[in-house]
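Structure file structure.txt; described as compact mmCIF, C-alpha atoms.
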```txt
# COMPACT_ATOMS: atom_id res chain seq x y z
CA MET A 232 -89.45 23.21 -60.63
CA LYS A 233 -87.59 23.68 -57.34
CA LYS A 234 -90.56 25.60 -55.93
CA LEU A 235 -92.91 22.76 -56.92
CA ALA A 236 -90.60 20.17 -55.30
CA PHE A 237 -90.44 22.29 -52.14
CA LEU A 238 -94.24 22.59 -51.96
CA PHE A 239 -94.63 18.85 -52.52
CA THR A 240 -92.08 18.06 -49.77
CA LEU A 241 -93.73 20.56 -47.45
CA SER A 242 -97.14 18.99 -48.03
CA LEU A 243 -95.73 15.51 -47.29
CA LEU A 244 -94.18 16.78 -44.07
CA PHE A 245 -97.52 18.27 -43.11
CA ILE A 246 -99.42 15.09 -43.89
CA PHE A 247 -97.01 12.63 -42.27
CA GLY A 248 -95.33 14.83 -39.67
CA CYS A 249 -98.40 16.16 -37.92
CA SER A 250 -100.58 14.67 -35.27
CA THR A 251 -103.06 12.06 -36.42
CA GLU A 252 -105.78 13.86 -34.48
CA GLU A 253 -108.55 14.80 -36.89
CA VAL A 254 -108.95 18.49 -37.52
CA MET A 255 -112.40 19.69 -38.39
CA THR A 256 -112.95 22.67 -40.67
CA THR A 257 -116.15 24.41 -41.48
CA ASP A 258 -117.29 25.96 -44.70
CA SER A 259 -117.86 29.27 -42.94
CA SER A 260 -114.23 29.61 -41.81
CA ASN A 261 -112.97 28.84 -45.31
CA GLN A 262 -115.56 31.17 -46.78
CA ASN A 263 -114.46 33.98 -44.44
CA LEU A 264 -110.83 33.51 -45.47
CA ASN A 265 -111.76 33.52 -49.15
CA GLU A 266 -113.89 36.64 -48.69
CA GLU A 267 -111.05 38.37 -46.84
CA VAL A 268 -108.55 37.58 -49.60
CA SER A 269 -110.91 38.53 -52.43
CA SER A 270 -111.92 41.82 -50.82
CA ARG A 271 -108.33 42.79 -50.11
CA GLY A 272 -106.80 41.36 -53.25
CA PRO A 273 -104.01 38.81 -53.40
CA ILE A 274 -101.31 38.55 -50.74
CA LEU A 275 -98.24 40.50 -51.89
CA HIS A 276 -95.87 39.92 -48.97
CA GLN A 277 -95.61 37.68 -45.92
CA ALA A 278 -93.36 37.50 -42.88
CA HIS A 279 -93.26 34.46 -40.62
CA LEU A 280 -91.19 33.39 -37.63
CA GLY A 281 -91.47 30.47 -35.30
CA GLY A 282 -89.01 29.39 -32.66
CA ASN A 283 -87.25 30.29 -29.47
CA ASP A 284 -86.28 33.83 -28.67
CA PHE A 285 -82.65 34.85 -28.93
CA CYS A 286 -81.30 33.62 -25.57
CA GLU A 287 -78.21 32.14 -27.17
CA ALA A 288 -77.16 35.63 -28.29
CA PHE A 289 -76.63 36.33 -24.58
CA GLY A 290 -74.86 33.03 -23.86
CA LEU A 291 -77.98 31.50 -22.28
CA PRO A 292 -79.61 28.16 -23.14
CA ALA A 293 -82.09 28.12 -26.02
CA GLY A 294 -85.66 28.72 -24.88
CA CYS A 295 -84.73 30.62 -21.71
CA ASP A 296 -87.07 33.41 -22.80
CA GLU A 297 -89.86 31.06 -23.88
CA ASN A 298 -90.82 31.41 -27.55
CA PHE A 299 -91.78 33.81 -30.28
CA SER A 300 -94.11 33.32 -33.25
CA LEU A 301 -95.18 35.78 -35.89
CA SER A 302 -97.30 35.60 -39.04
CA ALA A 303 -98.09 38.72 -41.08
CA ARG A 304 -99.62 39.28 -44.52
CA MET A 305 -99.76 42.36 -46.73
CA TYR A 306 -102.52 42.45 -49.34
CA ALA A 307 -102.75 44.19 -52.71
CA ASP A 308 -104.98 46.93 -51.26
CA GLY A 309 -102.19 47.82 -48.78
CA SER A 310 -103.94 46.38 -45.73
CA VAL A 311 -102.04 44.18 -43.28
CA SER A 312 -103.21 41.41 -40.97
CA GLY A 313 -101.62 38.82 -38.75
CA GLN A 314 -100.55 38.16 -35.21
CA TRP A 315 -97.54 37.55 -33.07
CA GLN A 316 -97.01 35.97 -29.69
CA ASP A 317 -94.00 36.76 -27.54
CA SER A 318 -93.81 34.78 -24.30
CA PHE A 319 -91.51 36.32 -21.72
CA ALA A 320 -89.35 34.45 -19.21
CA GLY A 321 -90.49 34.49 -15.63
CA ASP A 322 -94.16 34.35 -14.71
CA GLU A 323 -96.05 31.94 -16.97
CA ASP A 324 -98.59 34.71 -17.72
CA ASP A 325 -95.93 37.19 -18.90
CA GLY A 326 -95.97 37.88 -22.62
CA ILE A 327 -97.95 39.57 -25.35
CA HIS A 328 -100.33 38.64 -28.14
CA VAL A 329 -100.41 41.27 -30.89
CA ALA A 330 -102.93 41.85 -33.70
CA ILE A 331 -100.68 43.05 -36.54
CA ASP A 332 -101.95 46.02 -38.54
CA CYS A 333 -98.73 47.42 -40.03
CA MET A 334 -95.86 45.85 -41.99
CA VAL A 335 -92.99 47.28 -44.00
CA ILE A 336 -90.86 44.98 -46.16
CA VAL A 337 -87.24 46.15 -46.13
CA GLY A 338 -85.21 44.96 -49.10
CA ASP A 339 -86.16 41.41 -49.97
CA ASN A 340 -85.37 39.73 -46.65
CA ALA A 341 -86.55 41.84 -43.71
CA ALA A 342 -89.78 43.17 -42.24
CA ILE A 343 -90.88 45.64 -39.60
CA VAL A 344 -94.28 44.84 -38.08
CA GLY A 345 -96.52 46.54 -35.58
CA GLY A 346 -99.92 46.17 -33.97
CA TYR A 347 -101.99 46.51 -30.85
CA ILE A 348 -101.54 44.13 -27.92
CA THR A 349 -104.80 42.23 -27.50
CA GLU A 350 -103.59 40.42 -24.37
CA GLY A 351 -100.43 40.97 -22.43
CA MET A 352 -98.86 41.07 -19.02
CA PHE A 353 -95.44 41.96 -17.71
CA GLY A 354 -95.43 41.24 -14.00
CA GLU A 355 -98.29 43.30 -12.60
CA PHE A 356 -98.53 45.55 -15.68
CA ASP A 357 -101.43 44.89 -18.07
CA LEU A 358 -100.12 45.69 -21.55
CA SER A 359 -103.44 45.22 -23.36
CA GLY A 360 -104.25 48.07 -25.73
CA LEU A 361 -100.68 49.31 -26.08
CA TYR A 362 -98.93 49.36 -29.46
CA ALA A 363 -96.00 47.03 -30.08
CA MET A 364 -93.41 46.74 -32.83
CA THR A 365 -90.70 44.27 -33.82
CA ALA A 366 -88.44 43.45 -36.77
CA VAL A 367 -87.25 40.21 -38.36
CA SER A 368 -84.57 39.36 -40.91
CA ASP A 369 -84.51 36.27 -43.14
CA ASN A 370 -80.83 35.57 -43.77
CA GLY A 371 -81.24 32.26 -45.60
CA THR A 372 -82.15 28.64 -44.99
CA SER A 373 -78.82 26.86 -45.23
CA HIS A 374 -76.68 25.96 -42.24
CA ASN A 375 -73.92 27.91 -44.00
CA ASP A 376 -76.02 31.11 -44.14
CA PRO A 377 -75.90 33.67 -41.33
CA ALA A 378 -78.48 33.14 -38.59
CA ASP A 379 -81.93 34.66 -39.04
CA GLN A 380 -82.57 37.58 -36.72
CA LEU A 381 -85.26 38.99 -34.47
CA SER A 382 -85.55 42.19 -32.46
CA PHE A 383 -87.04 42.72 -29.05
CA SER A 384 -90.75 43.50 -28.85
CA TYR A 385 -90.84 47.26 -28.48
CA ILE A 386 -93.89 48.37 -26.48
CA GLU A 387 -95.55 51.78 -26.33
CA GLY A 388 -95.01 53.41 -22.95
CA PHE A 389 -91.86 51.38 -22.28
CA ASP A 390 -90.14 52.31 -25.55
CA PHE A 391 -90.45 55.45 -27.65
CA ILE A 392 -92.42 54.17 -30.61
CA ASP A 393 -95.13 55.54 -32.85
CA THR A 394 -98.10 53.51 -34.10
CA ASP A 395 -96.89 53.72 -37.72
CA CYS A 396 -94.18 51.16 -38.44
CA SER A 397 -93.41 52.80 -41.80
CA LEU A 398 -91.67 55.61 -39.88
CA TYR A 399 -88.82 53.28 -38.89
CA SER A 400 -85.81 51.73 -40.58
CA MET A 401 -84.11 48.49 -39.60
CA ASP A 402 -81.41 50.59 -37.89
CA PHE A 403 -83.89 51.44 -35.11
CA PHE A 404 -84.15 47.79 -34.04
CA GLN A 405 -81.47 45.80 -32.23
CA LEU A 406 -81.44 42.54 -34.20
CA LEU A 407 -80.15 39.44 -32.46
CA ASP A 408 -79.40 36.01 -33.93
CA ILE A 409 -81.85 33.18 -33.42
CA THR A 410 -80.45 29.70 -33.79
CA LYS A 411 -83.54 27.63 -32.97
CA GLY A 412 -86.18 28.81 -35.40
CA GLN A 413 -86.70 30.17 -38.87
CA VAL A 414 -87.68 33.53 -40.33
CA LYS A 415 -89.26 33.64 -43.78
CA VAL A 416 -89.94 36.94 -45.56
CA TRP A 417 -91.23 37.27 -49.10
```
Take the structure I supplied and represent it as structure tokens, if you would.
Amino acid sequence: MKKLAFLFTLSLLFIFGCSTEEVMTTDSSNQNLNEEVSSRGPILHQAHLGGNDFCEAFGLPAGCDENFSLSARMYADGSVSGQWQDSFAGDEDDGIHVAIDCMVIVGDNAAIVGGYITEGMFGEFDLSGLYAMTAVSDNGTSHNDPADQLSFSYIEGFDFIDTDCSLYSMDFFQLLDITKGQVKVW
């Protein structure tokens, strides 16, 4: 019953809290999503994060390192899809966009994800094509719960990482508290 009430509330927030700009969908995009899900089987696990990076962990104002968003899905056939965007402080072009192809659920509240950078710059360095990895921890939704956590984006060539995120435990990642955002792992 609580889950139903949550979904109802969430749908009301979506309907009344979003822009009134009309969003057009096409049958082909919905068909592609349905085909993807049916060919891969149902979604078994998801990891999501949206919010500022963890500046406050360093005593800096929220948002000093731009933002971070992540959405990953693991299907019944074991395949993984999703993306994450990590915008870096400094040059407005600095940051990475990652196509997620690997996810490991750790316990019932944490995930390690990895994928190839489809677009990315750090100063004059083009990061496109390199592998990246990060970790998130969902520590609850109440103000009384510990803060959710996020690790740095670890990037092949700058950090010693493999392209198989299942080789790592949460101990490998330095998790820092995020206070402006929410992690959800299930």
Using only C-alpha atoms, which of A:Ile409, A:Ala278, A:Cys333, A:Met401 sits nearest Ala303 (chain A)?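 For Ala303 (chain A), the nearest of the candidates is A:Ala278.
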Box centre and edge lengths (Å, one decimal), axis-aligned, region 367-382 of chain A plus 6 Å each side, as lines of an AutoDock Vina configuration file:
```
center_x = -80.6
center_y = 34.1
center_z = -39.0
size_x = 25.3
size_y = 28.2
size_z = 25.1
```
Near Ile331 (chain A), counting only C-alpha atoms, which residues have an atom at most 12 Å away, once you skip same-chain residues fewer than 2 positions from it, shown as JSON, numbers by chain? {"A": [277, 278, 301, 302, 303, 304, 305, 310, 311, 312, 313, 314, 315, 316, 328, 329, 333, 334, 335, 343, 344, 345, 346, 347, 348, 349, 362, 363, 364, 365, 394, 395, 396]}
Length of the CA of Asp308 (chain A) to CA of Ser397 (chain A) vector [Å]: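 CA of Ser397 (chain A) lies at a distance of 16.1 Å from CA of Asp308 (chain A).
Between CA of Gly388 (chain A) and CA of Asp325 (chain A) there is a distance of 16.7 Å.
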So what do you get for CA of Leu381 (chain A) versus CA of Arg271 (chain A), distance-wise? 28.1 Å
Residues near Met352 (chain A), cut-off 9 Å, only C-alpha atoms, skip fewer than 5 positions along chain, as a ChimeraX atom specification: /A:324-327,357-359
Nearest residue to Leu406 (chain A) from the set A:Gln380, A:Asp393, A:Ala342, A:Gly351 (distances using all atoms listed in the file):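 Ranked by minimum distance to Leu406 (chain A), first place goes to A:Gln380.
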For a quick check of understanding, using all atoms listed in the file, which of A:Asp339, A:Phe383, A:Val414, A:Asp332 has the smallest distance to Phe319 (chain A)?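 Looking at the shortest contact to Phe319 (chain A), the residue is A:Phe383.
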Supply region 312-335 of chain A as a compact mmCIF listing (two decimals), in the coordinates of the input, with N, CA and C atoms built in where the input has gaps.
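Result written to result.txt:
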```
# COMPACT_ATOMS: atom_id res chain seq x y z
N SER A 312 -102.60 42.16 -42.07
CA SER A 312 -103.21 41.41 -40.97
C SER A 312 -102.22 40.37 -40.49
N GLY A 313 -102.48 39.86 -39.31
CA GLY A 313 -101.62 38.82 -38.75
C GLY A 313 -101.59 38.92 -37.25
N GLN A 314 -100.69 38.15 -36.66
CA GLN A 314 -100.55 38.16 -35.21
C GLN A 314 -99.15 37.71 -34.82
N TRP A 315 -98.76 38.11 -33.63
CA TRP A 315 -97.54 37.55 -33.07
C TRP A 315 -97.74 37.34 -31.59
N GLN A 316 -96.99 36.35 -31.10
CA GLN A 316 -97.01 35.97 -29.69
C GLN A 316 -95.58 35.98 -29.20
N ASP A 317 -95.32 36.73 -28.16
CA ASP A 317 -94.00 36.76 -27.54
C ASP A 317 -94.19 36.41 -26.07
N SER A 318 -93.73 35.22 -25.69
CA SER A 318 -93.81 34.78 -24.30
C SER A 318 -92.54 35.18 -23.59
N PHE A 319 -92.67 35.84 -22.46
CA PHE A 319 -91.51 36.32 -21.72
C PHE A 319 -91.12 35.31 -20.64
N ALA A 320 -89.84 35.30 -20.30
CA ALA A 320 -89.35 34.45 -19.21
C ALA A 320 -89.92 34.97 -17.89
N GLY A 321 -89.98 34.10 -16.94
CA GLY A 321 -90.49 34.49 -15.63
C GLY A 321 -91.86 33.92 -15.40
N ASP A 322 -92.78 34.77 -14.98
CA ASP A 322 -94.16 34.35 -14.71
C ASP A 322 -94.77 33.74 -15.96
N GLU A 323 -95.47 32.63 -15.81
CA GLU A 323 -96.05 31.94 -16.97
C GLU A 323 -97.07 32.79 -17.70
N ASP A 324 -97.61 33.83 -17.07
CA ASP A 324 -98.59 34.71 -17.72
C ASP A 324 -97.93 35.88 -18.45
N ASP A 325 -96.62 36.06 -18.27
CA ASP A 325 -95.93 37.19 -18.90
C ASP A 325 -95.78 36.95 -20.39
N GLY A 326 -96.11 37.96 -21.17
CA GLY A 326 -95.97 37.88 -22.62
C GLY A 326 -97.04 38.72 -23.27
N ILE A 327 -96.98 38.77 -24.61
CA ILE A 327 -97.95 39.57 -25.35
C ILE A 327 -98.48 38.79 -26.55
N HIS A 328 -99.71 39.09 -26.89
CA HIS A 328 -100.33 38.64 -28.14
C HIS A 328 -100.72 39.91 -28.88
N VAL A 329 -100.25 40.04 -30.13
CA VAL A 329 -100.41 41.27 -30.89
C VAL A 329 -101.22 41.00 -32.16
N ALA A 330 -102.20 41.87 -32.43
CA ALA A 330 -102.93 41.85 -33.70
C ALA A 330 -102.20 42.81 -34.64
N ILE A 331 -101.52 42.26 -35.63
CA ILE A 331 -100.68 43.05 -36.54
C ILE A 331 -101.54 43.85 -37.49
N ASP A 332 -101.23 45.16 -37.61
CA ASP A 332 -101.95 46.02 -38.54
C ASP A 332 -101.01 46.85 -39.41
N CYS A 333 -99.71 46.64 -39.27
CA CYS A 333 -98.73 47.42 -40.03
C CYS A 333 -97.53 46.53 -40.36
N MET A 334 -97.06 46.59 -41.61
CA MET A 334 -95.86 45.85 -41.99
C MET A 334 -95.15 46.61 -43.11
N VAL A 335 -93.84 46.69 -42.98
CA VAL A 335 -92.99 47.28 -44.00
C VAL A 335 -91.96 46.22 -44.38
```
